[in-house]
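Source file start33.cif; content: mmCIF, C-alpha atoms.
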```cif
data_model
#
loop_
_atom_site.label_atom_id
_atom_site.label_comp_id
_atom_site.auth_asym_id
_atom_site.auth_seq_id
_atom_site.Cartn_x
_atom_site.Cartn_y
_atom_site.Cartn_z
CA MET I 341 -28.74 13.05 -257.78
CA SER I 342 -26.57 10.52 -255.94
CA PHE I 343 -26.04 6.79 -255.79
CA TYR I 344 -28.58 6.60 -252.96
CA ASN I 345 -31.36 7.03 -255.52
CA GLU I 346 -30.16 3.92 -257.39
CA TYR I 347 -29.79 2.10 -254.09
CA LEU I 348 -33.43 2.82 -253.26
CA THR I 349 -34.49 1.38 -256.63
CA TYR I 350 -33.19 -2.04 -255.59
CA LYS I 351 -33.34 -1.81 -251.80
CA ASP I 352 -36.53 -3.89 -251.56
CA PHE I 353 -35.84 -6.00 -254.65
CA ASN I 354 -36.84 -9.67 -254.24
CA PHE I 355 -33.47 -11.31 -254.85
CA ASP I 356 -34.67 -14.83 -254.02
CA ALA I 357 -37.53 -14.67 -256.52
CA PHE I 358 -35.16 -13.38 -259.20
CA PHE I 359 -32.63 -16.14 -258.55
CA GLU I 360 -35.28 -18.84 -258.78
CA LYS I 361 -35.98 -17.83 -262.38
CA VAL I 362 -32.38 -17.80 -263.60
CA THR I 363 -31.70 -20.67 -266.01
CA ASP I 364 -28.54 -22.35 -267.26
CA ASN I 365 -29.20 -21.13 -270.80
CA GLN I 366 -29.64 -17.59 -269.52
CA VAL I 367 -26.28 -17.73 -267.72
CA ARG I 368 -24.53 -19.10 -270.83
CA SER I 369 -26.07 -16.34 -272.92
CA ILE I 370 -24.91 -13.66 -270.46
CA ILE I 371 -21.36 -15.02 -270.43
CA ASN I 372 -21.23 -14.64 -274.22
CA LYS I 373 -22.49 -11.04 -274.22
CA ASP I 374 -20.09 -8.18 -274.92
CA LYS I 375 -21.77 -5.81 -272.48
CA LEU I 376 -23.76 -6.75 -269.38
CA ASN I 377 -26.57 -4.83 -267.73
CA ILE I 378 -27.20 -4.78 -263.99
CA LEU I 379 -29.63 -7.72 -264.05
CA ASP I 380 -27.16 -9.75 -266.10
CA PHE I 381 -24.65 -9.10 -263.32
CA LEU I 382 -27.17 -10.22 -260.72
CA ALA I 383 -27.85 -13.42 -262.67
CA LEU I 384 -24.11 -14.22 -262.59
CA LEU I 385 -24.30 -14.00 -258.78
CA SER I 386 -27.12 -16.56 -258.67
CA PRO I 387 -26.91 -20.14 -257.36
CA THR I 388 -27.53 -21.31 -260.95
CA ALA I 389 -24.39 -19.53 -262.13
CA GLU I 390 -22.29 -21.58 -259.67
CA LYS I 391 -22.40 -24.40 -262.22
CA HIS I 392 -20.75 -22.16 -264.82
CA LEU I 393 -17.74 -20.83 -262.93
CA GLU I 394 -15.30 -22.42 -265.37
CA GLU I 395 -16.80 -20.61 -268.37
CA MET I 396 -16.96 -17.40 -266.34
CA ALA I 397 -13.33 -17.84 -265.31
CA GLN I 398 -12.14 -18.24 -268.90
CA LYS I 399 -13.97 -15.07 -269.96
CA ALA I 400 -12.77 -13.16 -266.88
CA HIS I 401 -9.16 -14.13 -267.59
CA ARG I 402 -9.39 -12.94 -271.20
CA LEU I 403 -10.98 -9.63 -270.20
CA THR I 404 -8.43 -8.97 -267.47
CA VAL I 405 -5.46 -9.66 -269.74
CA GLN I 406 -7.05 -7.51 -272.45
CA HIS I 407 -7.45 -4.49 -270.16
CA PHE I 408 -4.60 -4.90 -267.65
CA GLY I 409 -2.14 -7.35 -269.16
CA LYS I 410 -0.65 -10.10 -266.99
CA THR I 411 0.27 -7.73 -264.18
CA ILE I 412 -0.38 -7.45 -260.44
CA LEU I 413 0.17 -4.06 -258.82
CA LEU I 414 1.69 -4.34 -255.33
CA TYR I 415 1.15 -1.96 -252.42
CA THR I 416 1.22 -2.06 -248.64
CA PRO I 417 -0.73 -0.29 -245.89
CA ILE I 418 0.84 2.07 -243.35
CA TYR I 419 -1.16 2.41 -240.14
CA VAL I 420 -0.40 5.73 -238.43
CA SER I 421 -3.18 5.89 -235.80
CA ASN I 422 -5.70 3.55 -234.15
CA TYR I 423 -7.65 6.05 -232.07
CA CYS I 424 -11.36 5.82 -232.87
CA THR I 425 -14.57 7.50 -231.74
CA ASN I 426 -16.88 4.97 -233.39
CA GLN I 427 -18.45 1.90 -231.86
CA CYS I 428 -18.54 -0.49 -234.81
CA LEU I 429 -19.23 -4.01 -233.58
CA TYR I 430 -17.07 -5.75 -236.20
CA CYS I 431 -13.86 -3.68 -235.85
CA GLY I 432 -10.81 -4.17 -233.66
CA PHE I 433 -10.44 -0.39 -233.35
CA ASN I 434 -13.93 -0.07 -231.76
CA ALA I 435 -13.75 2.78 -229.23
CA THR I 436 -14.98 0.46 -226.45
CA ASN I 437 -12.25 -2.16 -227.01
CA LYS I 438 -9.57 -2.00 -224.32
CA ILE I 439 -6.54 -1.96 -226.62
CA PRO I 440 -3.33 0.11 -226.54
CA ARG I 441 -3.89 3.27 -228.59
CA LYS I 442 -1.15 5.02 -230.50
CA GLN I 443 -0.63 7.69 -233.11
CA LEU I 444 2.73 8.06 -234.79
CA ILE I 445 4.52 11.36 -234.53
CA ILE I 446 5.82 12.64 -237.85
CA ASP I 447 9.38 11.37 -237.26
CA GLU I 448 7.90 7.89 -236.67
CA VAL I 449 5.85 8.17 -239.87
CA GLU I 450 9.06 8.91 -241.74
CA ALA I 451 10.80 5.92 -240.17
CA GLU I 452 7.93 3.68 -241.28
CA ALA I 453 8.06 5.18 -244.77
CA LYS I 454 11.79 4.53 -245.06
CA ALA I 455 11.39 0.91 -243.93
CA ILE I 456 8.58 0.25 -246.40
CA ALA I 457 10.28 2.09 -249.27
CA ALA I 458 13.36 -0.11 -248.78
CA THR I 459 11.29 -3.06 -250.06
CA GLY I 460 10.95 -1.33 -253.44
CA LEU I 461 7.24 -0.59 -253.19
CA LYS I 462 6.14 2.75 -254.59
CA HIS I 463 2.42 2.54 -253.77
CA ILE I 464 1.35 3.13 -250.15
CA LEU I 465 -2.05 3.20 -248.42
CA LEU I 466 -2.30 5.36 -245.29
CA LEU I 467 -4.81 4.20 -242.67
CA THR I 468 -6.14 5.59 -239.40
CA GLY I 469 -8.93 4.89 -236.99
CA GLU I 470 -11.85 7.30 -237.16
CA ALA I 471 -10.99 10.02 -234.66
CA LYS I 472 -11.01 13.22 -236.64
CA LYS I 473 -9.94 15.47 -233.76
CA ILE I 474 -6.84 13.31 -233.15
CA ALA I 475 -5.89 12.04 -236.62
CA SER I 476 -7.03 15.33 -238.09
CA VAL I 477 -6.97 16.36 -241.73
CA ASP I 478 -4.01 18.59 -240.83
CA TYR I 479 -2.17 15.57 -239.39
CA ILE I 480 -2.97 13.40 -242.41
CA GLN I 481 -1.82 16.14 -244.78
CA THR I 482 1.50 16.35 -242.92
CA CYS I 483 1.87 12.57 -243.14
CA VAL I 484 1.20 12.72 -246.88
CA GLU I 485 3.87 15.37 -247.32
CA VAL I 486 6.36 13.00 -245.68
CA LEU I 487 5.22 9.98 -247.71
CA LYS I 488 5.64 11.92 -250.96
CA LYS I 489 9.40 11.76 -250.43
CA TYR I 490 9.31 7.97 -250.67
CA PHE I 491 6.29 6.90 -252.74
CA THR I 492 4.92 7.83 -256.15
CA SER I 493 1.30 6.96 -255.28
CA ILE I 494 -0.37 7.67 -251.93
CA GLY I 495 -3.78 6.31 -251.02
CA ILE I 496 -5.85 6.97 -247.93
CA GLU I 497 -8.27 4.74 -246.05
CA ILE I 498 -9.64 6.98 -243.32
CA TYR I 499 -12.94 8.46 -242.12
CA ALA I 500 -15.32 9.95 -244.70
CA LEU I 501 -14.51 13.55 -245.65
CA GLU I 502 -16.23 16.52 -247.21
CA GLN I 503 -15.48 17.25 -250.87
CA GLU I 504 -13.24 20.22 -250.05
CA GLU I 505 -11.24 18.10 -247.60
CA TYR I 506 -10.64 15.49 -250.29
CA ALA I 507 -9.55 18.29 -252.63
CA ARG I 508 -7.11 19.55 -250.01
CA LEU I 509 -5.49 16.12 -249.59
CA ILE I 510 -5.37 15.61 -253.36
CA LYS I 511 -3.48 18.88 -253.63
CA ALA I 512 -1.09 17.59 -250.94
CA GLY I 513 -0.36 14.44 -252.95
CA VAL I 514 -3.12 11.87 -252.36
CA ASP I 515 -4.29 10.18 -255.56
CA LEU I 516 -6.33 7.20 -254.30
CA LEU I 517 -9.22 6.75 -251.88
CA THR I 518 -10.25 3.41 -250.43
CA ILE I 519 -13.48 3.49 -248.46
CA TYR I 520 -15.77 0.58 -247.62
CA GLN I 521 -19.48 0.99 -247.05
CA GLU I 522 -19.09 -2.09 -244.80
CA THR I 523 -22.69 -3.15 -245.54
CA TYR I 524 -25.17 -1.75 -248.04
CA ASN I 525 -28.06 -3.00 -245.88
CA GLU I 526 -29.16 0.32 -244.40
CA GLU I 527 -31.00 -1.19 -241.44
CA LEU I 528 -28.14 -3.54 -240.59
CA TYR I 529 -25.68 -0.67 -240.98
CA ASP I 530 -27.54 1.26 -238.30
CA ALA I 531 -27.64 -1.76 -235.98
CA ILE I 532 -23.91 -2.55 -236.08
CA HIS I 533 -22.70 1.06 -235.93
CA ILE I 534 -23.72 1.73 -232.37
CA LYS I 535 -22.32 5.20 -231.89
CA GLY I 536 -20.07 7.75 -233.55
CA PRO I 537 -19.88 9.79 -236.77
CA LYS I 538 -19.71 6.64 -238.90
CA LYS I 539 -23.31 5.86 -237.94
CA ASP I 540 -24.41 8.28 -240.69
CA TYR I 541 -25.15 5.84 -243.55
CA ARG I 542 -25.72 8.49 -246.22
CA PHE I 543 -22.59 10.48 -245.43
CA ARG I 544 -20.53 7.31 -245.74
CA LEU I 545 -22.33 6.17 -248.89
CA ASP I 546 -21.77 9.47 -250.70
CA ALA I 547 -18.08 9.76 -249.75
CA PRO I 548 -16.73 8.04 -252.90
CA GLU I 549 -18.74 10.41 -255.06
CA ARG I 550 -17.46 13.45 -253.14
CA ALA I 551 -13.92 12.21 -253.80
CA CYS I 552 -14.70 11.81 -257.51
CA LYS I 553 -16.07 15.35 -257.63
CA ALA I 554 -12.84 16.53 -256.01
CA SER I 555 -10.92 14.88 -258.91
CA MET I 556 -9.47 11.92 -257.05
CA ARG I 557 -7.51 9.85 -259.57
CA SER I 558 -8.67 6.47 -258.23
CA VAL I 559 -11.52 5.41 -255.94
CA ASN I 560 -11.76 1.92 -254.47
CA ILE I 561 -14.95 0.71 -252.77
CA GLY I 562 -16.27 -2.49 -251.22
CA ALA I 563 -18.39 -4.19 -248.56
CA LEU I 564 -17.02 -6.12 -245.58
CA LEU I 565 -18.00 -9.64 -246.57
CA GLY I 566 -19.65 -11.58 -243.79
CA LEU I 567 -21.81 -8.82 -242.37
CA ASP I 568 -24.80 -9.62 -244.62
CA GLU I 569 -25.79 -12.12 -247.34
CA TRP I 570 -22.92 -12.03 -249.82
CA ARG I 571 -24.94 -12.02 -253.05
CA ARG I 572 -26.83 -8.92 -251.95
CA GLU I 573 -23.64 -7.16 -250.86
CA ALA I 574 -21.85 -8.07 -254.10
CA PHE I 575 -24.77 -6.77 -256.14
CA PHE I 576 -24.85 -3.38 -254.42
CA THR I 577 -21.06 -3.09 -254.57
CA GLY I 578 -21.22 -3.65 -258.34
CA LEU I 579 -24.17 -1.28 -258.68
CA HIS I 580 -22.24 1.40 -256.80
CA ALA I 581 -19.01 0.89 -258.75
CA ASN I 582 -20.89 0.97 -262.06
CA TYR I 583 -22.64 4.20 -261.04
CA LEU I 584 -19.32 5.86 -260.23
CA GLN I 585 -17.66 4.61 -263.42
CA ASN I 586 -20.55 5.88 -265.55
CA HIS I 587 -20.72 9.30 -263.88
CA TYR I 588 -17.00 10.02 -263.35
CA ALA I 589 -15.10 8.88 -266.41
CA ASP I 590 -11.88 10.61 -265.31
CA THR I 591 -11.68 8.56 -262.10
CA GLU I 592 -10.37 4.99 -262.07
CA ILE I 593 -12.89 2.85 -260.19
CA SER I 594 -11.81 -0.28 -258.33
CA VAL I 595 -13.47 -2.82 -256.07
CA SER I 596 -12.06 -4.63 -253.05
CA LEU I 597 -13.43 -7.91 -251.72
CA PRO I 598 -12.47 -7.88 -248.02
CA ARG I 599 -13.62 -10.94 -246.09
CA MET I 600 -14.02 -10.64 -242.31
CA ARG I 601 -11.05 -11.79 -240.26
CA SER I 602 -10.41 -12.35 -236.55
CA HIS I 603 -10.11 -9.11 -234.57
CA GLU I 604 -10.27 -7.71 -231.06
CA GLY I 605 -13.83 -8.22 -229.75
CA ASP I 606 -16.37 -11.04 -229.93
CA PHE I 607 -18.43 -10.07 -233.00
CA GLN I 608 -18.88 -13.00 -235.39
CA PRO I 609 -19.82 -12.89 -239.10
CA ARG I 610 -23.55 -13.18 -239.71
CA CYS I 611 -22.91 -14.94 -243.01
CA ILE I 612 -20.11 -17.30 -243.99
CA VAL I 613 -18.51 -16.44 -247.34
CA SER I 614 -16.71 -19.45 -248.83
CA ASP I 615 -13.78 -19.43 -251.24
CA LYS I 616 -16.19 -20.51 -253.97
CA ASN I 617 -18.47 -17.57 -253.15
CA MET I 618 -15.49 -15.21 -253.36
CA VAL I 619 -14.51 -16.58 -256.76
CA GLN I 620 -18.05 -16.26 -258.13
CA MET I 621 -18.29 -12.69 -256.88
CA MET I 622 -14.98 -11.72 -258.46
CA LEU I 623 -15.78 -13.36 -261.79
CA ALA I 624 -19.21 -11.73 -261.97
CA LEU I 625 -17.66 -8.33 -261.24
CA ARG I 626 -15.03 -8.78 -263.95
CA LEU I 627 -17.59 -9.77 -266.59
CA PHE I 628 -19.83 -6.86 -265.58
CA MET I 629 -17.04 -4.25 -265.31
CA PRO I 630 -14.09 -5.26 -267.53
CA ARG I 631 -12.14 -2.04 -266.81
CA ALA I 632 -12.51 -2.01 -263.02
CA GLY I 633 -9.58 -2.87 -260.80
CA ILE I 634 -10.07 -5.74 -258.33
CA THR I 635 -8.07 -5.81 -255.10
CA ILE I 636 -7.48 -8.86 -252.89
CA SER I 637 -5.67 -8.11 -249.63
CA THR I 638 -3.66 -10.15 -247.14
CA ARG I 639 -6.91 -10.95 -245.33
CA GLU I 640 -6.84 -13.98 -247.65
CA THR I 641 -4.44 -16.91 -247.41
CA ALA I 642 -1.36 -17.18 -249.61
CA ARG I 643 -2.72 -20.29 -251.31
CA PHE I 644 -6.07 -18.68 -252.13
CA ARG I 645 -4.46 -15.50 -253.43
CA ASP I 646 -2.10 -17.45 -255.68
CA ASN I 647 -4.96 -19.52 -257.07
CA ILE I 648 -7.10 -16.53 -258.04
CA ILE I 649 -4.48 -14.36 -259.69
CA ARG I 650 -5.56 -15.57 -263.15
CA LEU I 651 -9.24 -14.90 -262.50
CA GLY I 652 -9.41 -11.12 -262.53
CA VAL I 653 -7.26 -9.72 -259.71
CA THR I 654 -5.27 -6.60 -260.59
CA LYS I 655 -3.93 -5.43 -257.23
CA MET I 656 -2.59 -7.12 -254.07
CA SER I 657 -1.06 -5.99 -250.81
CA ALA I 658 2.27 -7.42 -249.67
CA GLY I 659 4.35 -7.27 -246.50
CA SER I 660 1.26 -6.01 -244.67
CA SER I 661 0.79 -5.08 -241.02
CA THR I 662 -2.43 -3.73 -239.46
CA ILE I 663 -0.50 -2.50 -236.41
CA VAL I 664 0.34 1.18 -235.92
CA GLY I 665 4.05 1.43 -236.58
CA GLY I 666 4.08 -2.24 -237.50
CA HIS I 667 7.24 -1.99 -239.63
CA THR I 668 9.51 -0.20 -237.14
CA GLN I 669 8.02 0.13 -233.66
CA GLN I 670 9.42 -2.01 -230.87
CA LYS I 671 6.38 -1.55 -228.64
CA LYS I 672 3.48 -2.28 -230.95
CA SER I 673 -0.25 -1.67 -230.60
CA THR I 674 -3.10 -4.07 -231.39
CA GLY I 675 -3.81 -4.66 -235.09
CA GLN I 676 -7.15 -3.87 -236.70
CA PHE I 677 -7.54 -7.51 -237.78
CA ASP I 678 -5.39 -10.61 -238.24
CA ILE I 679 -3.32 -11.05 -241.40
CA SER I 680 -3.63 -14.37 -243.31
CA ASP I 681 -0.93 -13.99 -245.98
CA GLU I 682 2.25 -13.00 -244.14
CA ARG I 683 4.62 -13.12 -247.12
CA ASN I 684 7.00 -10.21 -247.49
CA VAL I 685 7.33 -8.15 -250.66
CA GLN I 686 10.13 -10.27 -252.14
CA GLN I 687 8.21 -13.50 -251.53
CA MET I 688 5.12 -12.02 -253.18
CA ARG I 689 7.19 -10.86 -256.12
CA GLU I 690 8.61 -14.35 -256.62
CA ALA I 691 5.21 -16.02 -256.30
CA ILE I 692 3.70 -13.71 -258.93
CA LEU I 693 6.58 -14.31 -261.33
CA GLN I 694 6.26 -18.08 -260.92
CA LEU I 695 2.63 -17.81 -262.01
CA GLY I 696 3.69 -16.08 -265.23
CA TYR I 697 2.62 -12.61 -264.14
CA GLN I 698 4.55 -9.37 -263.74
CA PRO I 699 4.63 -7.75 -260.28
CA VAL I 700 4.30 -3.98 -260.68
CA PHE I 701 5.93 -1.77 -258.05
CA LYS I 702 5.11 1.55 -259.71
CA ASP I 703 2.53 2.55 -262.29
CA TRP I 704 1.75 6.12 -261.26
CA GLN I 705 3.64 9.30 -260.41
CA THR I 706 1.90 12.14 -258.60
CA LEU I 707 3.12 15.58 -259.56
#
```

Please lay out the structure from this file as structure tokens.
Amino acid sequence: MSFYNEYLTYKDFNFDAFFEKVTDNQVRSIINKDKLNILDFLALLSPTAEKHLEEMAQKAHRLTVQHFGKTILLYTPIYVSNYCTNQCLYCGFNATNKIPRKQLIIDEVEAEAKAIAATGLKHILLLTGEAKKIASVDYIQTCVEVLKKYFTSIGIEIYALEQEEYARLIKAGVDLLTIYQETYNEELYDAIHIKGPKKDYRFRLDAPERACKASMRSVNIGALLGLDEWRREAFFTGLHANYLQNHYADTEISVSLPRMRSHEGDFQPRCIVSDKNMVQMMLALRLFMPRAGITISTRETARFRDNIIRLGVTKMSAGSSTIVGGHTQQKKSTGQFDISDERNVQQMREAILQLGYQPVFKDWQTL
């Protein structure tokens, strides 16, 4: 049994026909329910529900404060390698892109860690390209052992691993996994992943569950918004997150909503996802999964991020760089994608406080 079985149940679902039947009264009724089912969630993603965003926002705000308080957890990414063996059309690290490649040696990782830790952040997310023979599990484990000296929570956003490999990194000090399916459209997934290990849709899809089985404390999933029709992607993201939350009660399940940004290469989004679409998606997710974390990264503008803090967000990145060694290196490589919100940690802290929320620098301590 895996999530793929649930995916197949809805893979050929007629979303357009369903949306045509959603009524205003039905949406109002769903908003007032204490517990939503999967079709309730889908109805909140419908065009009809766009007229009810204010009511959804009020409910989402109440639920978020109830479960998380008025807090925003802050973290930042640390890119340690951009070597990649995959040919993913939408990614700046695509193996065919002629960009400078770099992998930090361990002393450089420590220098980055010191620079980031000086901002006060205690949550870090380690990222690499997908080149397992270069940025090996051994290398990542060594990086984690360095990061443990400076951070109380260490996440990874790397290539998909086997369950025993996740267990090994958890033992080393990793407590969070972020991994995006990119698109839940299996046929599209195959078309845009031209070559490389990442082309295996099922291995990628089952990675979050393997991490849960390995006792990862927190698992964060998402789709890269812009690759396919956003309502479909949001639905399958919610379906996947709900499956994991229901099957792995000891793991904290979170969802990210990453919208495509400019990057090296000429691939353009197939579908435009507006700010209003993003808000609807986030509100629907919060009403469907009141206990799930929701992450909004620096892919989004400062103004947009400030405006949505009250609507269900629980976690934000700050002082971000998508460049390997971006905090300390003089000669820098090409970033994975362009940053929109360039505020540093102190500026983010002040912005959150001005909105009446509490910026959280630490809420977890690995042993």

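Shortest atom-to-atom contact with Ile494 (chain I) among I:Met556, I:Ile445, I:Ile474, I:Leu393: I:Met556, counting all atoms listed in the file.
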
May I have the residues within 7 Å of Gly495 (chain I) as a CSV table (one decimal) with C-alpha atoms, in the frame of the given file, using only C-alpha atoms and disregarding those fewer than 2 positions away in the same chain?
```
chain,number,residue,atom,x,y,z
I,464,ILE,CA,1.4,3.1,-250.2
I,465,LEU,CA,-2.0,3.2,-248.4
I,466,LEU,CA,-2.3,5.4,-245.3
I,493,SER,CA,1.3,7.0,-255.3
I,497,GLU,CA,-8.3,4.7,-246.0
I,514,VAL,CA,-3.1,11.9,-252.4
I,515,ASP,CA,-4.3,10.2,-255.6
I,516,LEU,CA,-6.3,7.2,-254.3
I,517,LEU,CA,-9.2,6.8,-251.9
```

* Go through I:Val486, I:Ile648, I:Leu501, I:Val559 one by one, measure the shortest atom-to-atom distance of each to Ala451 (chain I) using all atoms listed in the file, and give the residue with the smallest value. => I:Val486

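Among I:Ile663, I:Ala563, I:Ala397, I:Leu385, the residue with the shortest atom-to-atom distance to Pro417 (chain I), counting only C-alpha atoms, is I:Ile663.
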
I want to know what sits within 10 Å of region 528-534 of chain I, based on all atoms listed in the file, with residues of the same chain fewer than 3 positions away left out; could you give that as a CSV table (one decimal) with C-alpha atoms, in the coordinates of the input?
```csv
chain,number,residue,atom,x,y,z
I,426,ASN,CA,-16.9,5.0,-233.4
I,427,GLN,CA,-18.4,1.9,-231.9
I,428,CYS,CA,-18.5,-0.5,-234.8
I,429,LEU,CA,-19.2,-4.0,-233.6
I,430,TYR,CA,-17.1,-5.8,-236.2
I,434,ASN,CA,-13.9,-0.1,-231.8
I,521,GLN,CA,-19.5,1.0,-247.0
I,522,GLU,CA,-19.1,-2.1,-244.8
I,523,THR,CA,-22.7,-3.2,-245.5
I,524,TYR,CA,-25.2,-1.8,-248.0
I,525,ASN,CA,-28.1,-3.0,-245.9
I,537,PRO,CA,-19.9,9.8,-236.8
I,538,LYS,CA,-19.7,6.6,-238.9
I,539,LYS,CA,-23.3,5.9,-237.9
I,540,ASP,CA,-24.4,8.3,-240.7
I,541,TYR,CA,-25.2,5.8,-243.6
I,567,LEU,CA,-21.8,-8.8,-242.4
I,568,ASP,CA,-24.8,-9.6,-244.6
I,607,PHE,CA,-18.4,-10.1,-233.0
```

* Can you pull out every residue within 10 Å of Glu682 (chain I), counting all atoms listed in the file, but drop anything in the same chain fewer than 3 positions away, and send it as a ChimeraX atom specification? => /I:638-642,658-661,678-679,685,687-688

* Identify, on the basis of all atoms listed in the file, every residue whose closest approach to Gly469 (chain I) does not exceed 7 Å; exclude the query and any residue fewer than 3 positions from it along the same chain; express the result as a PyMOL selection string. => chain I and resi 421-424+433+498

* Could you please give me, as a count of residues only, the residues of protein, DNA or RNA lying at most 12 Å from (8.8, 10.3, -250.9) in the coordinate frame of the file, considering all atoms listed in the file? => 30

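The space separating CA of Glu505 (chain I) from CA of Thr668 (chain I) comes to 29.6 Å.
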
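Excluding Leu625 (chain I) itself and same-chain residues fewer than 2 positions from it, the residues having an atom within 10 Å of it are Phe381, Leu382, Leu384, Leu385, Ala400, Ala574, Phe575, Thr577, Gly578, Leu579, Ala581, Asn582, Val595, Val619, Gln620, Met621, Met622, Leu623, Leu627, Phe628, Met629, Pro630, Ala632, Gly633, Ile634 and Gly652 of chain I, counting all atoms listed in the file.
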
Go ahead and save the residues from that selection, with C-alpha atoms, as a PDB file, in the frame of the given file.
```pdb
ATOM      1  CA  PHE I 381     -24.650  -9.100-263.320  1.00  0.00           C
ATOM      2  CA  LEU I 382     -27.170 -10.220-260.720  1.00  0.00           C
ATOM      3  CA  LEU I 384     -24.110 -14.220-262.590  1.00  0.00           C
ATOM      4  CA  LEU I 385     -24.300 -14.000-258.780  1.00  0.00           C
ATOM      5  CA  ALA I 400     -12.770 -13.160-266.880  1.00  0.00           C
ATOM      6  CA  ALA I 574     -21.850  -8.070-254.100  1.00  0.00           C
ATOM      7  CA  PHE I 575     -24.770  -6.770-256.140  1.00  0.00           C
ATOM      8  CA  THR I 577     -21.060  -3.090-254.570  1.00  0.00           C
ATOM      9  CA  GLY I 578     -21.220  -3.650-258.340  1.00  0.00           C
ATOM     10  CA  LEU I 579     -24.170  -1.280-258.680  1.00  0.00           C
ATOM     11  CA  ALA I 581     -19.010   0.890-258.750  1.00  0.00           C
ATOM     12  CA  ASN I 582     -20.890   0.970-262.060  1.00  0.00           C
ATOM     13  CA  VAL I 595     -13.470  -2.820-256.070  1.00  0.00           C
ATOM     14  CA  VAL I 619     -14.510 -16.580-256.760  1.00  0.00           C
ATOM     15  CA  GLN I 620     -18.050 -16.260-258.130  1.00  0.00           C
ATOM     16  CA  MET I 621     -18.290 -12.690-256.880  1.00  0.00           C
ATOM     17  CA  MET I 622     -14.980 -11.720-258.460  1.00  0.00           C
ATOM     18  CA  LEU I 623     -15.780 -13.360-261.790  1.00  0.00           C
ATOM     19  CA  LEU I 627     -17.590  -9.770-266.590  1.00  0.00           C
ATOM     20  CA  PHE I 628     -19.830  -6.860-265.580  1.00  0.00           C
ATOM     21  CA  MET I 629     -17.040  -4.250-265.310  1.00  0.00           C
ATOM     22  CA  PRO I 630     -14.090  -5.260-267.530  1.00  0.00           C
ATOM     23  CA  ALA I 632     -12.510  -2.010-263.020  1.00  0.00           C
ATOM     24  CA  GLY I 633      -9.580  -2.870-260.800  1.00  0.00           C
ATOM     25  CA  ILE I 634     -10.070  -5.740-258.330  1.00  0.00           C
ATOM     26  CA  GLY I 652      -9.410 -11.120-262.530  1.00  0.00           C
TER      27      GLY I 652
END
```

* What does the distance from CA of Arg368 (chain I) to CA of Ala383 (chain I) come to in Å, to one decimal? -> 10.5 Å

* Asked: Written as a list in words, what is the full residue list that the PyMOL selection byres ((chain I and resi 388) around 12) yields on the file shown?
  -> Asp356, Phe358, Phe359, Glu360, Lys361, Val362, Thr363, Asp364, Asn365, Gln366, Val367, Arg368, Leu382, Ala383, Leu384, Leu385, Ser386, Pro387, Ala389, Glu390, Lys391, His392, Leu393 and Gln620 of chain I

Can you spit out the residues from that selection as a tab-separated table (two decimals), in the frame of the given file, using C-alpha atoms?
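So selection_0.tsv came out as:
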```tsv
chain	number	residue	atom	x	y	z
I	356	ASP	CA	-34.67	-14.83	-254.02
I	358	PHE	CA	-35.16	-13.38	-259.20
I	359	PHE	CA	-32.63	-16.14	-258.55
I	360	GLU	CA	-35.28	-18.84	-258.78
I	361	LYS	CA	-35.98	-17.83	-262.38
I	362	VAL	CA	-32.38	-17.80	-263.60
I	363	THR	CA	-31.70	-20.67	-266.01
I	364	ASP	CA	-28.54	-22.35	-267.26
I	365	ASN	CA	-29.20	-21.13	-270.80
I	366	GLN	CA	-29.64	-17.59	-269.52
I	367	VAL	CA	-26.28	-17.73	-267.72
I	368	ARG	CA	-24.53	-19.10	-270.83
I	382	LEU	CA	-27.17	-10.22	-260.72
I	383	ALA	CA	-27.85	-13.42	-262.67
I	384	LEU	CA	-24.11	-14.22	-262.59
I	385	LEU	CA	-24.30	-14.00	-258.78
I	386	SER	CA	-27.12	-16.56	-258.67
I	387	PRO	CA	-26.91	-20.14	-257.36
I	389	ALA	CA	-24.39	-19.53	-262.13
I	390	GLU	CA	-22.29	-21.58	-259.67
I	391	LYS	CA	-22.40	-24.40	-262.22
I	392	HIS	CA	-20.75	-22.16	-264.82
I	393	LEU	CA	-17.74	-20.83	-262.93
I	620	GLN	CA	-18.05	-16.26	-258.13
```

With 8 Å added on each side, what axis-aligned box encloses every listed atom of region 471-490 of chain I? Give the centre and edge lengths in Å to one decimal, as lines of an AutoDock Vina configuration file.
```
center_x = -0.8
center_y = 13.3
center_z = -242.1
size_x = 36.4
size_y = 26.6
size_z = 33.8
```

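Closest approach to Tyr350 (chain I) among I:Lys511, I:Lys472, I:His580, I:His401 is made by I:His580 (distances from only C-alpha atoms).
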
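In this model, the gap between CA of Gln406 (chain I) and CA of Glu346 (chain I) comes to 29.9 Å.
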
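Once the PyMOL selection byres ((chain I and resi 689) around 9) is applied to the depicted file, the selected set reads I:Leu414, I:Ala658, I:Asn684, I:Val685, I:Gln686, I:Gln687, I:Met688, I:Glu690, I:Ala691, I:Ile692, I:Leu693, I:Gln694, I:Gln698, I:Pro699, I:Val700.
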
* To do: For the structure shown, which residues end up in the PyMOL selection byres ((chain I and resi 507) around 8)? Put them as a PyMOL selection string, please?
  => chain I and resi 503-506+508-511+551+554-556

Would you export the selected residues with C-alpha atoms as a compact mmCIF listing (two decimals), keeping the file's coordinate frame, please?
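Written out: again-v7.txt:
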```
# COMPACT_ATOMS: atom_id res chain seq x y z
CA GLN I 503 -15.48 17.25 -250.87
CA GLU I 504 -13.24 20.22 -250.05
CA GLU I 505 -11.24 18.10 -247.60
CA TYR I 506 -10.64 15.49 -250.29
CA ARG I 508 -7.11 19.55 -250.01
CA LEU I 509 -5.49 16.12 -249.59
CA ILE I 510 -5.37 15.61 -253.36
CA LYS I 511 -3.48 18.88 -253.63
CA ALA I 551 -13.92 12.21 -253.80
CA ALA I 554 -12.84 16.53 -256.01
CA SER I 555 -10.92 14.88 -258.91
CA MET I 556 -9.47 11.92 -257.05
```
